[in-house]
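Novice: This is the structure I want to talk about, given as structure tokens.
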Amino acid sequence: MKTNPFVMLTWSSLKAYFRNRGAIFFSLLVPLMIMGIFGLINFGGGTSSVNIGVVDQAHNQVSDRLITNLKGIKAVKLHTGSLDAEKQQLQQGNRDLVAVLPASIGQGSTAITAYYNQGNPQNSQVAMAIMNQFVDRASFAFAGVSPALTLDAKPVQSRNLTYVDFLVPGMIGLSIMQTGLFGVVFTFVQWKQRGILRRLMATPMRVRDFFFSQLVTRLTTVALQIAVLLAVGLLLFHFHFAGNLFYLLIVGIVGGGVFLAMGLAISGASKSEETAAPIANLVSLPLMFLSGVFFSRSSMPEWLQTITQFSPLTYVTDALRSISIDGASLWAIRTDLLGILIWLAIAAVIANRLFKWEVV
Amino acid sequence: MDVVTEQAEAFPDASTAGFAIVVDGLRKRYGSLVAVDGISFRVKDREIFGLLGPNGAGKTTTVEILEGLRDADDGRAIVAGIDVRKEPQKVKGLIGVQLQSSAFFDGLSLLELLDMFAALYGRRVDAMAILKKVDLAEKARSQVNKLSGGQKQRFSIATALVNEPRILFLDEPTTGLDPQARRNLWELADSIRAEGRTIVLTTHYMDEAETLCDRVAIMDHGKILAMEPPDALIQRLIDKGFKGDRVERSANLEDVFLDMTGHGLREA
């Protein structure tokens, strides 16, 4: 083992890499920080409850029962207060809807006035629908008639997907890209400038031993990042993981290969870190925002969706999401895998063309 | 200018025996610049051969071709008995190379780096013994960036010794070193030659070439202008009636410097 060039190069490079505590810390901290920020902001907002304010002007049995029933609805966060106070909350955007139960409630036909927030139509519409349904049901109950039509809802086994479930695989994809691109670009440009690569080339080292040792080192980092992001997602953000860890790792490795090759191409084309950094950013920034890492691509204009579906990071995040959310098999994500492999081939060819061992 | 050269001599093709390096009509151009212009020379086994010349003379290109780092356009170069243009990898396994600016991976100790370099030759070495040879045993567990300039150069030579090379290439090994460290490196070069290895040295310091080299080749504009033992070249110049503008004394300023500050290495 100790005389095998590949084994020793990999071992040396892993040792050197993991002794650099700062780099390790940041390669784990940054994705966690981004995930924390986005997870807390909860951009998806899909399952956040609607805020309904109730102004009880009756304070009788009927209004009490109404309020108790409203409180029983899971999706509703119920607030009570005076009319002025609740309307102010509505204006500040803290309520999606404010319903006024007049003093005359329970005595004949009564109108319940509902103020709603026009600024957030999505949520106020949900609040309106809930209130409508609720008022209807209450009316029937008061009238003592049973409704002619009822909805017999049957629960189906389904996981309650949250934004975090969308975000975690996206963050894994993002980490894979960042580690691949930046981890390689800066180190290799430096190694090239300092003559480290030249020194290695003066030994009978085989080029493929060297590149595969670097590949293994970076992919170890990627695997570590996947583990940490998954663990934090599961423990802190109630992330639901339905898939196969091994499949996730395979996508991570193949996807990591794409960005490593891109990183090698960039470091091959640049003479210094000053030129490498902007190129790496020029590649990574558009990919980061156009590949559905933080938001679903479905909110993009259609022409943009058409283009961005071919982004390497889209293939990677889509594949990761299918695995973690739908529990997809490798066969089910074969289109994404094919896309990743094509990108891998393209990036490898470019890297092979552009990579130089020394600064000329 | 009198051009003294062995270039005209035709080498009998077969006789590479007794020679560490045989170069014949080597040529390399970069665009319109002719870096190496059809040079021929031989380096004998176990000699210290100096390649001298101003910057841009073609020394580095020549050495890089011999090291298998660069291919020539034309000509023949037999290094350690092997045609380097045909089998560069094989030659790389038989030689040791110390490059002008060879840095090493951060984060690894000297011992670990030597083990890694040995593995690149498919070998296992007693790394500590090599470090002792270059006087770096105390720094075995340090990293390269903690070493002084002279220590770095000695470590660089250590990495070039892991494969027990037949030929050692030293590219300006004493540039930037203080007189003590320079003398120390000369002693190291001598001891390596005493082990039966051949050394090819490039340097800008003529006193270094005069002290260390059995023979030197003076290059300029891609050609070898002269190739002889240093003493013979100096005698030739004197015979031509050359008079230096200073009187030669039996000591120089460096001797004064070393007499006052001692030969001990300054690299705590």
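Each chain of the structure tokens is named A, B, ... in the order shown, its residues numbered from 1; ligands are numbered from 1 in display order.
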Counting only C-alpha atoms, which residues from chain B have an atom at most 12 Å from any atom of chain A, and could you show them as a CSV table (one decimal) with all heavy atoms, in the first residue's frame?
Specialist:
```csv
chain,number,residue,atom,x,y,z
B,30,TYR,N,10.8,28.1,-29.6
B,30,TYR,CA,9.4,28.5,-29.2
B,30,TYR,C,9.1,29.6,-30.2
B,30,TYR,O,9.6,30.7,-30.1
B,30,TYR,CB,9.5,29.1,-27.8
B,30,TYR,CG,9.8,28.1,-26.8
B,30,TYR,CD1,11.1,28.2,-26.2
B,30,TYR,CD2,9.0,27.1,-26.4
B,30,TYR,CE1,11.4,27.2,-25.2
B,30,TYR,CE2,9.3,26.2,-25.4
B,30,TYR,CZ,10.5,26.3,-24.8
B,30,TYR,OH,10.9,25.3,-23.9
B,63,VAL,N,18.0,21.7,-19.7
B,63,VAL,CA,17.9,20.8,-18.5
B,63,VAL,C,16.5,20.2,-18.5
B,63,VAL,O,16.3,19.0,-18.2
B,63,VAL,CB,18.2,21.6,-17.2
B,63,VAL,CG1,17.7,20.8,-16.0
B,63,VAL,CG2,19.6,22.0,-17.1
B,64,GLU,N,15.5,21.0,-18.9
B,64,GLU,CA,14.1,20.4,-18.8
B,64,GLU,C,13.9,19.3,-19.9
B,64,GLU,O,13.1,18.4,-19.6
B,64,GLU,CB,13.1,21.6,-19.1
B,64,GLU,CG,12.9,22.4,-17.8
B,64,GLU,CD,12.0,23.6,-18.0
B,64,GLU,OE1,11.7,23.9,-19.2
B,64,GLU,OE2,11.5,24.1,-17.0
B,65,ILE,N,14.6,19.5,-21.0
B,65,ILE,CA,14.5,18.4,-22.0
B,65,ILE,C,15.1,17.1,-21.4
B,65,ILE,O,14.6,16.0,-21.5
B,65,ILE,CB,15.2,18.8,-23.3
B,65,ILE,CG1,14.4,19.9,-24.0
B,65,ILE,CG2,15.3,17.6,-24.2
B,65,ILE,CD1,15.1,20.6,-25.1
B,66,LEU,N,16.3,17.3,-20.8
B,66,LEU,CA,17.0,16.1,-20.2
B,66,LEU,C,16.2,15.5,-19.1
B,66,LEU,O,16.2,14.3,-18.9
B,66,LEU,CB,18.4,16.5,-19.7
B,66,LEU,CG,19.3,17.1,-20.7
B,66,LEU,CD1,20.7,17.5,-20.1
B,66,LEU,CD2,19.6,16.1,-21.8
B,67,GLU,N,15.4,16.3,-18.4
B,67,GLU,CA,14.6,15.8,-17.3
B,67,GLU,C,13.3,15.2,-17.7
B,67,GLU,O,12.5,14.6,-16.9
B,67,GLU,CB,14.2,16.9,-16.3
B,67,GLU,CG,15.5,17.4,-15.5
B,67,GLU,CD,15.2,18.8,-14.9
B,67,GLU,OE1,14.2,19.4,-15.2
B,67,GLU,OE2,16.0,19.2,-14.0
B,68,GLY,N,13.0,15.3,-19.0
B,68,GLY,CA,11.8,14.7,-19.6
B,68,GLY,C,10.6,15.5,-19.3
B,68,GLY,O,9.4,15.1,-19.5
B,69,LEU,N,10.8,16.8,-19.0
B,69,LEU,CA,9.6,17.7,-18.7
B,69,LEU,C,9.2,18.4,-20.0
B,69,LEU,O,8.1,19.0,-20.1
B,69,LEU,CB,10.0,18.8,-17.7
B,69,LEU,CG,10.1,18.3,-16.2
B,69,LEU,CD1,10.7,19.4,-15.3
B,69,LEU,CD2,8.7,17.9,-15.7
B,70,ARG,N,10.0,18.4,-21.0
B,70,ARG,CA,9.8,19.1,-22.3
B,70,ARG,C,10.4,18.2,-23.4
B,70,ARG,O,11.4,17.6,-23.2
B,70,ARG,CB,10.5,20.4,-22.2
B,70,ARG,CG,9.7,21.6,-22.7
B,70,ARG,CD,10.5,22.8,-22.5
B,70,ARG,NE,10.2,23.4,-21.1
B,70,ARG,CZ,9.1,24.0,-20.9
B,70,ARG,NH1,8.1,24.1,-21.8
B,70,ARG,NH2,8.9,24.5,-19.7
B,87,GLU,N,11.4,7.7,-24.1
B,87,GLU,CA,10.9,7.1,-22.9
B,87,GLU,C,11.1,8.1,-21.7
B,87,GLU,O,11.9,7.7,-20.8
B,87,GLU,CB,11.6,5.8,-22.6
B,87,GLU,CG,11.3,4.7,-23.7
B,87,GLU,CD,12.0,3.4,-23.4
B,87,GLU,OE1,13.1,3.3,-23.6
B,87,GLU,OE2,11.3,2.5,-22.8
B,88,PRO,N,10.5,9.2,-21.7
B,88,PRO,CA,10.7,10.2,-20.6
B,88,PRO,C,10.3,9.6,-19.2
B,88,PRO,O,11.0,9.9,-18.3
B,88,PRO,CB,9.8,11.4,-21.0
B,88,PRO,CG,8.8,10.8,-22.0
B,88,PRO,CD,9.5,9.7,-22.7
B,89,GLN,N,9.3,8.8,-19.2
B,89,GLN,CA,8.8,8.3,-17.9
B,89,GLN,C,9.9,7.4,-17.3
B,89,GLN,O,10.2,7.4,-16.1
B,89,GLN,CB,7.5,7.5,-18.0
B,89,GLN,CG,6.3,8.3,-18.3
B,89,GLN,CD,6.0,9.4,-17.2
B,89,GLN,OE1,6.4,10.5,-17.3
B,89,GLN,NE2,5.4,9.0,-16.1
B,90,LYS,N,10.6,6.6,-18.1
B,90,LYS,CA,11.6,5.7,-17.7
B,90,LYS,C,12.8,6.5,-17.1
B,90,LYS,O,13.4,6.2,-16.1
B,90,LYS,CB,12.0,4.9,-18.8
B,90,LYS,CG,12.4,3.4,-18.4
B,90,LYS,CD,12.5,2.6,-19.7
B,90,LYS,CE,13.1,1.2,-19.3
B,90,LYS,NZ,13.2,0.4,-20.6
B,91,VAL,N,13.1,7.6,-17.9
B,91,VAL,CA,14.2,8.5,-17.4
B,91,VAL,C,13.9,9.1,-16.1
B,91,VAL,O,14.7,9.1,-15.2
B,91,VAL,CB,14.6,9.5,-18.5
B,91,VAL,CG1,15.5,10.6,-17.9
B,91,VAL,CG2,15.2,8.9,-19.7
B,92,LYS,N,12.7,9.6,-15.9
B,92,LYS,CA,12.3,10.3,-14.7
B,92,LYS,C,12.5,9.4,-13.5
B,92,LYS,O,12.7,9.8,-12.4
B,92,LYS,CB,10.8,10.7,-14.8
B,92,LYS,CG,10.5,11.9,-15.6
B,92,LYS,CD,9.0,12.2,-15.7
B,92,LYS,CE,8.7,13.3,-16.7
B,92,LYS,NZ,7.2,13.5,-16.8
B,93,GLY,N,12.3,8.1,-13.7
B,93,GLY,CA,12.5,7.1,-12.6
B,93,GLY,C,14.0,6.9,-12.2
B,93,GLY,O,14.2,6.5,-11.1
B,94,LEU,N,14.9,7.3,-13.1
B,94,LEU,CA,16.3,7.1,-12.8
B,94,LEU,C,17.1,8.4,-12.4
B,94,LEU,O,18.2,8.3,-12.0
B,94,LEU,CB,17.0,6.5,-14.1
B,94,LEU,CG,16.5,5.2,-14.5
B,94,LEU,CD1,17.1,4.8,-15.9
B,94,LEU,CD2,16.8,4.1,-13.5
B,95,ILE,N,16.4,9.5,-12.5
B,95,ILE,CA,17.1,10.8,-12.1
B,95,ILE,C,16.4,11.4,-10.9
B,95,ILE,O,15.3,11.0,-10.6
B,95,ILE,CB,17.1,11.8,-13.3
B,95,ILE,CG1,15.6,12.1,-13.7
B,95,ILE,CG2,17.8,11.2,-14.5
B,95,ILE,CD1,15.5,13.2,-14.7
B,96,GLY,N,17.1,12.4,-10.4
B,96,GLY,CA,16.5,13.2,-9.3
B,96,GLY,C,16.5,14.6,-9.7
B,96,GLY,O,17.4,15.1,-10.4
B,97,VAL,N,15.4,15.4,-9.4
B,97,VAL,CA,15.3,16.7,-9.9
B,97,VAL,C,15.0,17.7,-8.8
B,97,VAL,O,14.1,17.5,-8.0
B,97,VAL,CB,14.2,16.8,-10.9
B,97,VAL,CG1,13.9,18.2,-11.3
B,97,VAL,CG2,14.5,16.0,-12.2
B,98,GLN,N,15.8,18.7,-8.7
B,98,GLN,CA,15.6,19.8,-7.8
B,98,GLN,C,15.3,21.0,-8.7
B,98,GLN,O,16.1,21.4,-9.5
B,98,GLN,CB,16.8,20.1,-6.9
B,98,GLN,CG,16.6,21.2,-5.9
B,98,GLN,CD,17.3,22.5,-6.4
B,98,GLN,OE1,18.3,22.4,-7.1
B,98,GLN,NE2,16.8,23.6,-6.2
B,99,LEU,N,14.0,21.5,-8.6
B,99,LEU,CA,13.7,22.6,-9.5
B,99,LEU,C,13.9,24.0,-8.8
B,99,LEU,O,13.9,24.0,-7.6
B,99,LEU,CB,12.2,22.5,-9.9
B,99,LEU,CG,11.8,21.3,-10.7
B,99,LEU,CD1,10.3,21.1,-10.8
B,99,LEU,CD2,12.4,21.4,-12.1
B,100,GLN,N,14.0,25.0,-9.6
B,100,GLN,CA,14.2,26.3,-9.1
B,100,GLN,C,13.2,26.8,-8.0
B,100,GLN,O,13.6,27.2,-7.0
B,100,GLN,CB,14.2,27.3,-10.2
B,100,GLN,CG,15.5,28.0,-10.4
B,100,GLN,CD,15.5,28.9,-11.6
B,100,GLN,OE1,14.8,29.9,-11.6
B,100,GLN,NE2,16.2,28.5,-12.7
B,101,SER,N,12.0,26.6,-8.4
B,101,SER,CA,10.9,27.0,-7.4
B,101,SER,C,10.0,25.9,-7.1
B,101,SER,O,8.9,25.9,-7.5
B,101,SER,CB,10.1,28.2,-7.9
B,101,SER,OG,9.5,27.8,-9.1
B,102,SER,N,10.6,24.9,-6.5
B,102,SER,CA,9.7,23.7,-6.2
B,102,SER,C,9.2,23.8,-4.8
B,102,SER,O,9.9,23.7,-3.8
B,102,SER,CB,10.4,22.4,-6.5
B,102,SER,OG,11.6,22.4,-5.8
B,103,ALA,N,7.9,24.2,-4.7
B,103,ALA,CA,7.2,24.2,-3.4
B,103,ALA,C,6.6,22.8,-3.2
B,103,ALA,O,6.5,22.0,-4.2
B,103,ALA,CB,6.1,25.3,-3.4
B,104,PHE,N,6.1,22.6,-2.0
B,104,PHE,CA,5.5,21.3,-1.8
B,104,PHE,C,4.1,21.5,-1.1
B,104,PHE,O,3.8,22.6,-0.6
B,104,PHE,CB,6.4,20.4,-0.9
B,104,PHE,CG,7.7,20.2,-1.5
B,104,PHE,CD1,8.8,21.0,-1.3
B,104,PHE,CD2,7.8,19.1,-2.4
B,104,PHE,CE1,10.0,20.7,-1.9
B,104,PHE,CE2,9.0,18.9,-3.0
B,104,PHE,CZ,10.1,19.7,-2.8
B,105,PHE,N,3.3,20.4,-1.1
B,105,PHE,CA,2.0,20.5,-0.5
B,105,PHE,C,2.1,21.1,0.9
B,105,PHE,O,2.9,20.7,1.7
B,105,PHE,CB,1.3,19.1,-0.4
B,105,PHE,CG,1.0,18.5,-1.8
B,105,PHE,CD1,1.7,17.4,-2.2
B,105,PHE,CD2,0.1,19.1,-2.6
B,105,PHE,CE1,1.4,16.8,-3.4
B,105,PHE,CE2,-0.2,18.6,-3.8
B,105,PHE,CZ,0.4,17.4,-4.2
B,106,ASP,N,1.1,21.9,1.3
B,106,ASP,CA,1.0,22.4,2.6
B,106,ASP,C,0.4,21.3,3.4
B,106,ASP,O,-0.4,20.5,2.9
B,106,ASP,CB,0.2,23.6,2.7
B,106,ASP,CG,0.8,24.8,1.9
B,106,ASP,OD1,2.0,24.9,2.0
B,106,ASP,OD2,0.0,25.5,1.3
B,107,GLY,N,0.6,21.3,4.7
B,107,GLY,CA,-0.1,20.4,5.6
B,107,GLY,C,0.5,19.0,5.8
B,107,GLY,O,0.0,18.2,6.5
B,108,LEU,N,1.7,18.8,5.1
B,108,LEU,CA,2.3,17.5,5.3
B,108,LEU,C,3.7,17.8,5.9
B,108,LEU,O,4.4,18.7,5.6
B,108,LEU,CB,2.5,16.8,4.0
B,108,LEU,CG,1.2,16.3,3.3
B,108,LEU,CD1,1.5,15.7,2.0
B,108,LEU,CD2,0.4,15.4,4.2
B,109,SER,N,4.1,16.8,6.8
B,109,SER,CA,5.5,17.0,7.4
B,109,SER,C,6.5,16.5,6.4
B,109,SER,O,6.2,15.9,5.4
B,109,SER,CB,5.6,16.1,8.6
B,109,SER,OG,5.6,14.8,8.3
B,110,LEU,N,7.8,16.8,6.7
B,110,LEU,CA,8.9,16.4,5.8
B,110,LEU,C,8.9,14.9,5.6
B,110,LEU,O,9.0,14.4,4.5
B,110,LEU,CB,10.2,16.9,6.3
B,110,LEU,CG,10.4,18.4,6.6
B,110,LEU,CD1,11.9,18.7,6.8
B,110,LEU,CD2,9.9,19.2,5.4
B,111,LEU,N,8.7,14.2,6.7
B,111,LEU,CA,8.7,12.7,6.6
B,111,LEU,C,7.6,12.2,5.7
B,111,LEU,O,7.8,11.4,4.8
B,111,LEU,CB,8.5,12.1,8.0
B,111,LEU,CG,9.7,12.1,8.9
B,111,LEU,CD1,9.2,11.6,10.3
B,111,LEU,CD2,10.8,11.3,8.4
B,112,GLU,N,6.4,12.8,5.8
B,112,GLU,CA,5.3,12.4,5.0
B,112,GLU,C,5.5,12.7,3.6
B,112,GLU,O,5.1,11.9,2.7
B,112,GLU,CB,4.0,13.1,5.5
B,112,GLU,CG,3.5,12.5,6.9
B,112,GLU,CD,2.4,13.4,7.5
B,112,GLU,OE1,2.4,14.6,7.3
B,112,GLU,OE2,1.5,12.8,8.2
B,113,LEU,N,6.1,13.9,3.3
B,113,LEU,CA,6.3,14.2,1.9
B,113,LEU,C,7.3,13.3,1.3
B,113,LEU,O,7.1,12.9,0.1
B,113,LEU,CB,6.8,15.7,1.8
B,113,LEU,CG,5.8,16.8,1.9
B,113,LEU,CD1,6.4,18.1,2.1
B,113,LEU,CD2,4.9,16.8,0.6
B,114,LEU,N,8.4,12.9,2.0
B,114,LEU,CA,9.4,12.0,1.5
B,114,LEU,C,8.7,10.6,1.2
B,114,LEU,O,9.0,10.0,0.2
B,114,LEU,CB,10.5,11.9,2.4
B,114,LEU,CG,11.5,13.1,2.4
B,114,LEU,CD1,12.6,12.8,3.4
B,114,LEU,CD2,12.1,13.4,1.1
B,115,ASP,N,7.9,10.2,2.1
B,115,ASP,CA,7.2,8.9,1.9
B,115,ASP,C,6.3,9.0,0.6
B,115,ASP,O,6.3,8.0,-0.2
B,115,ASP,CB,6.3,8.6,3.1
B,115,ASP,CG,7.1,7.9,4.2
B,115,ASP,OD1,8.1,7.4,3.9
B,115,ASP,OD2,6.6,8.0,5.4
B,116,MET,N,5.7,10.1,0.4
B,116,MET,CA,4.8,10.3,-0.8
B,116,MET,C,5.6,10.3,-2.0
B,116,MET,O,5.3,9.6,-3.0
B,116,MET,CB,4.0,11.6,-0.7
B,116,MET,CG,3.0,11.7,-1.8
B,116,MET,SD,2.4,13.4,-1.9
B,116,MET,CE,3.6,14.1,-2.9
B,117,PHE,N,6.7,11.0,-2.0
B,117,PHE,CA,7.6,11.1,-3.2
B,117,PHE,C,8.2,9.7,-3.5
B,117,PHE,O,8.2,9.3,-4.7
B,117,PHE,CB,8.7,12.1,-3.0
B,117,PHE,CG,8.3,13.5,-3.6
B,117,PHE,CD1,7.8,14.4,-2.7
B,117,PHE,CD2,8.4,13.7,-4.9
B,117,PHE,CE1,7.4,15.7,-3.2
B,117,PHE,CE2,8.1,15.0,-5.4
B,117,PHE,CZ,7.5,15.9,-4.5
B,118,ALA,N,8.6,9.0,-2.5
B,118,ALA,CA,9.1,7.6,-2.7
B,118,ALA,C,8.0,6.8,-3.4
B,118,ALA,O,8.3,6.0,-4.3
B,118,ALA,CB,9.5,7.0,-1.4
B,119,ALA,N,6.8,6.9,-2.9
B,119,ALA,CA,5.7,6.1,-3.5
B,119,ALA,C,5.5,6.4,-5.0
B,119,ALA,O,5.1,5.5,-5.8
B,119,ALA,CB,4.4,6.3,-2.8
B,120,LEU,N,5.8,7.7,-5.4
B,120,LEU,CA,5.7,8.0,-6.8
B,120,LEU,C,6.7,7.3,-7.7
B,120,LEU,O,6.5,7.1,-8.9
B,120,LEU,CB,5.8,9.5,-7.0
B,120,LEU,CG,4.8,10.4,-6.3
B,120,LEU,CD1,5.0,11.9,-6.6
B,120,LEU,CD2,3.4,10.0,-6.7
B,121,TYR,N,7.7,6.8,-7.0
B,121,TYR,CA,8.7,5.9,-7.7
B,121,TYR,C,8.5,4.5,-7.4
B,121,TYR,O,9.3,3.6,-7.7
B,121,TYR,CB,10.1,6.3,-7.3
B,121,TYR,CG,10.5,7.7,-7.7
B,121,TYR,CD1,10.3,8.8,-6.8
B,121,TYR,CD2,11.2,7.9,-8.9
B,121,TYR,CE1,10.7,10.0,-7.2
B,121,TYR,CE2,11.5,9.2,-9.3
B,121,TYR,CZ,11.3,10.3,-8.4
B,121,TYR,OH,11.6,11.5,-8.7
B,122,GLY,N,7.3,4.2,-6.7
B,122,GLY,CA,7.0,2.8,-6.3
B,122,GLY,C,8.0,2.3,-5.3
B,122,GLY,O,8.3,1.1,-5.2
B,123,ARG,N,8.5,3.2,-4.5
B,123,ARG,CA,9.5,2.8,-3.5
B,123,ARG,C,9.1,3.0,-2.1
B,123,ARG,O,8.2,3.8,-1.9
B,123,ARG,CB,10.8,3.6,-3.7
B,123,ARG,CG,11.7,3.0,-4.8
B,123,ARG,CD,12.8,4.1,-5.1
B,123,ARG,NE,13.7,3.6,-6.1
B,123,ARG,CZ,14.9,3.1,-5.9
B,123,ARG,NH1,15.3,3.1,-4.6
B,123,ARG,NH2,15.7,2.8,-6.8
B,124,ARG,N,9.8,2.4,-1.2
B,124,ARG,CA,9.6,2.7,0.2
B,124,ARG,C,11.0,3.1,0.8
B,124,ARG,O,12.0,2.4,0.5
B,124,ARG,CB,9.1,1.4,0.9
B,124,ARG,CG,8.2,1.7,2.0
B,124,ARG,CD,7.6,0.4,2.5
B,124,ARG,NE,7.1,0.7,3.8
B,124,ARG,CZ,6.2,0.0,4.4
B,124,ARG,NH1,5.8,-1.1,3.9
B,124,ARG,NH2,5.7,0.3,5.6
B,125,VAL,N,11.0,4.2,1.5
B,125,VAL,CA,12.4,4.7,1.9
B,125,VAL,C,12.4,4.9,3.4
B,125,VAL,O,11.4,5.0,4.1
B,125,VAL,CB,12.7,6.1,1.2
B,125,VAL,CG1,12.9,5.9,-0.2
B,125,VAL,CG2,11.6,7.1,1.6
B,143,GLN,N,6.6,21.3,8.8
B,143,GLN,CA,6.1,21.5,7.5
B,143,GLN,C,7.1,22.4,6.7
B,143,GLN,O,7.8,23.2,7.3
B,143,GLN,CB,4.7,22.1,7.4
B,143,GLN,CG,3.7,21.2,8.1
B,143,GLN,CD,2.3,21.7,7.9
B,143,GLN,OE1,2.0,22.6,7.2
B,143,GLN,NE2,1.4,21.0,8.6
B,156,SER,N,14.5,20.1,-0.7
B,156,SER,CA,14.2,19.9,-2.1
B,156,SER,C,15.2,18.8,-2.7
B,156,SER,O,14.8,18.0,-3.5
B,156,SER,CB,14.4,21.2,-2.9
B,156,SER,OG,13.8,21.1,-4.1
B,157,ILE,N,16.4,18.9,-2.3
B,157,ILE,CA,17.4,17.9,-2.7
B,157,ILE,C,17.0,16.5,-2.1
B,157,ILE,O,17.1,15.5,-2.8
B,157,ILE,CB,18.8,18.3,-2.3
B,157,ILE,CG1,19.2,19.5,-3.2
B,157,ILE,CG2,19.8,17.2,-2.5
B,157,ILE,CD1,20.5,20.2,-2.8
B,159,THR,N,14.1,15.3,-1.5
B,159,THR,CA,13.0,14.7,-2.3
B,159,THR,C,13.6,14.2,-3.6
B,159,THR,O,13.0,13.2,-4.2
B,159,THR,CB,11.9,15.7,-2.7
B,159,THR,OG1,12.4,16.7,-3.5
B,159,THR,CG2,11.3,16.3,-1.4
B,160,ALA,N,14.7,14.7,-4.1
B,160,ALA,CA,15.3,14.3,-5.3
B,160,ALA,C,16.1,13.0,-5.1
B,160,ALA,O,16.6,12.4,-6.1
B,160,ALA,CB,16.1,15.4,-6.0
B,161,LEU,N,16.3,12.7,-3.9
B,161,LEU,CA,17.2,11.5,-3.6
B,161,LEU,C,16.4,10.2,-3.2
B,161,LEU,O,17.0,9.2,-3.1
B,161,LEU,CB,18.1,11.8,-2.4
B,161,LEU,CG,19.2,12.9,-2.7
B,161,LEU,CD1,20.0,13.2,-1.4
B,161,LEU,CD2,20.1,12.5,-3.8
B,162,VAL,N,15.1,10.3,-3.1
B,162,VAL,CA,14.3,9.2,-2.7
B,162,VAL,C,14.4,8.0,-3.6
B,162,VAL,O,14.3,6.8,-3.1
B,162,VAL,CB,12.8,9.5,-2.5
B,162,VAL,CG1,12.5,10.5,-1.4
B,162,VAL,CG2,12.2,10.0,-3.8
B,163,ASN,N,14.7,8.2,-4.8
B,163,ASN,CA,14.8,7.0,-5.8
B,163,ASN,C,16.3,6.6,-6.0
B,163,ASN,O,16.5,5.9,-7.0
B,163,ASN,CB,14.1,7.4,-7.1
B,163,ASN,CG,14.7,8.5,-7.8
B,163,ASN,OD1,15.2,9.4,-7.1
B,163,ASN,ND2,14.7,8.5,-9.1
B,165,PRO,N,18.9,8.3,-7.3
B,165,PRO,CA,19.0,8.5,-8.7
B,165,PRO,C,20.5,8.4,-9.2
B,165,PRO,O,21.4,8.6,-8.4
B,165,PRO,CB,18.6,10.0,-8.8
B,165,PRO,CG,18.9,10.6,-7.5
B,165,PRO,CD,18.7,9.5,-6.5
B,168,LEU,N,21.6,13.6,-10.7
B,168,LEU,CA,20.9,14.6,-9.9
B,168,LEU,C,21.0,15.9,-10.6
B,168,LEU,O,22.1,16.4,-10.9
B,168,LEU,CB,21.4,14.7,-8.5
B,168,LEU,CG,20.8,15.6,-7.5
B,168,LEU,CD1,19.3,15.2,-7.2
B,168,LEU,CD2,21.6,15.7,-6.2
B,169,PHE,N,19.8,16.5,-10.9
B,169,PHE,CA,19.8,17.8,-11.5
B,169,PHE,C,19.6,18.9,-10.5
B,169,PHE,O,18.6,18.8,-9.8
B,169,PHE,CB,18.7,17.9,-12.6
B,169,PHE,CG,19.0,17.1,-13.8
B,169,PHE,CD1,18.6,15.7,-13.9
B,169,PHE,CD2,19.6,17.6,-14.9
B,169,PHE,CE1,18.9,15.0,-15.0
B,169,PHE,CE2,19.9,16.9,-16.0
B,169,PHE,CZ,19.5,15.6,-16.1
```
Novice: Using DSSP secondary structure from the backbone, list all helix (DSSP H, G or I) positions within segment 4-189 of chain A, as a PyMOL selection string.
Specialist: chain A and resi 5-19+21-41+61-71+83-91+121-143+163-189
Novice: With only C-alpha atoms as the atoms that count, which of B:Thr62, B:Asp24, B:Leu131, B:Ala189 lies nearest to Asp83 of chain B?
Specialist: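 Answer, going by the shortest atom-to-atom distance: B:Asp24.
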Novice: What is the distance between atom CA of Arg166 of chain B and atom CA of Val23 of chain B, in Å to one decimal?
Specialist: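 Those two atoms sit 16.7 Å apart.
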Novice: Give the answer as one residue: which of B:Leu185, B:Ala80, B:Met227, B:Ala35 has the shortest atom-to-atom distance to Thr211 of chain B, using only C-alpha atoms?
Specialist: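 The answer is B:Leu185, which sits nearest to Thr211 of chain B.
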Novice: Determine which residues of segment 3-197 of chain B receive a DSSP assignment of strand (DSSP E), computed from the backbone, and state them as number ranges by chain.
Specialist: B: 19-30, 33-44, 48-52, 74-79, 82-83, 95-98, 167-171
Novice: Compile the contact shell of Leu264 of chain A as an MDAnalysis selection string: residues with an atom at most 8 Å away, counting only C-alpha atoms, same-chain residues fewer than 3 positions apart removed.
Specialist: chainID A and resid 181 184:185 188 260:261 267:268 351 355
Novice: Using only C-alpha atoms, determine which residues lie at most 9 Å from segment 24-32 of chain A, disregarding the query and same-chain residues fewer than 5 positions distant; provide the list as a ChimeraX atom specification.
Specialist: /A:17-19,37,171-172,174-175,178-179,183,221,224-225,228-229,232
Novice: Would you kindly return, as a ChimeraX atom specification, each protein, DNA or RNA residue with an atom no farther than 12 Å from any atom of Tyr116 of chain A, considering only C-alpha atoms and excluding same-chain residues fewer than 2 positions away?
Specialist: /A:50-54,86-100,113-114,118-129,131
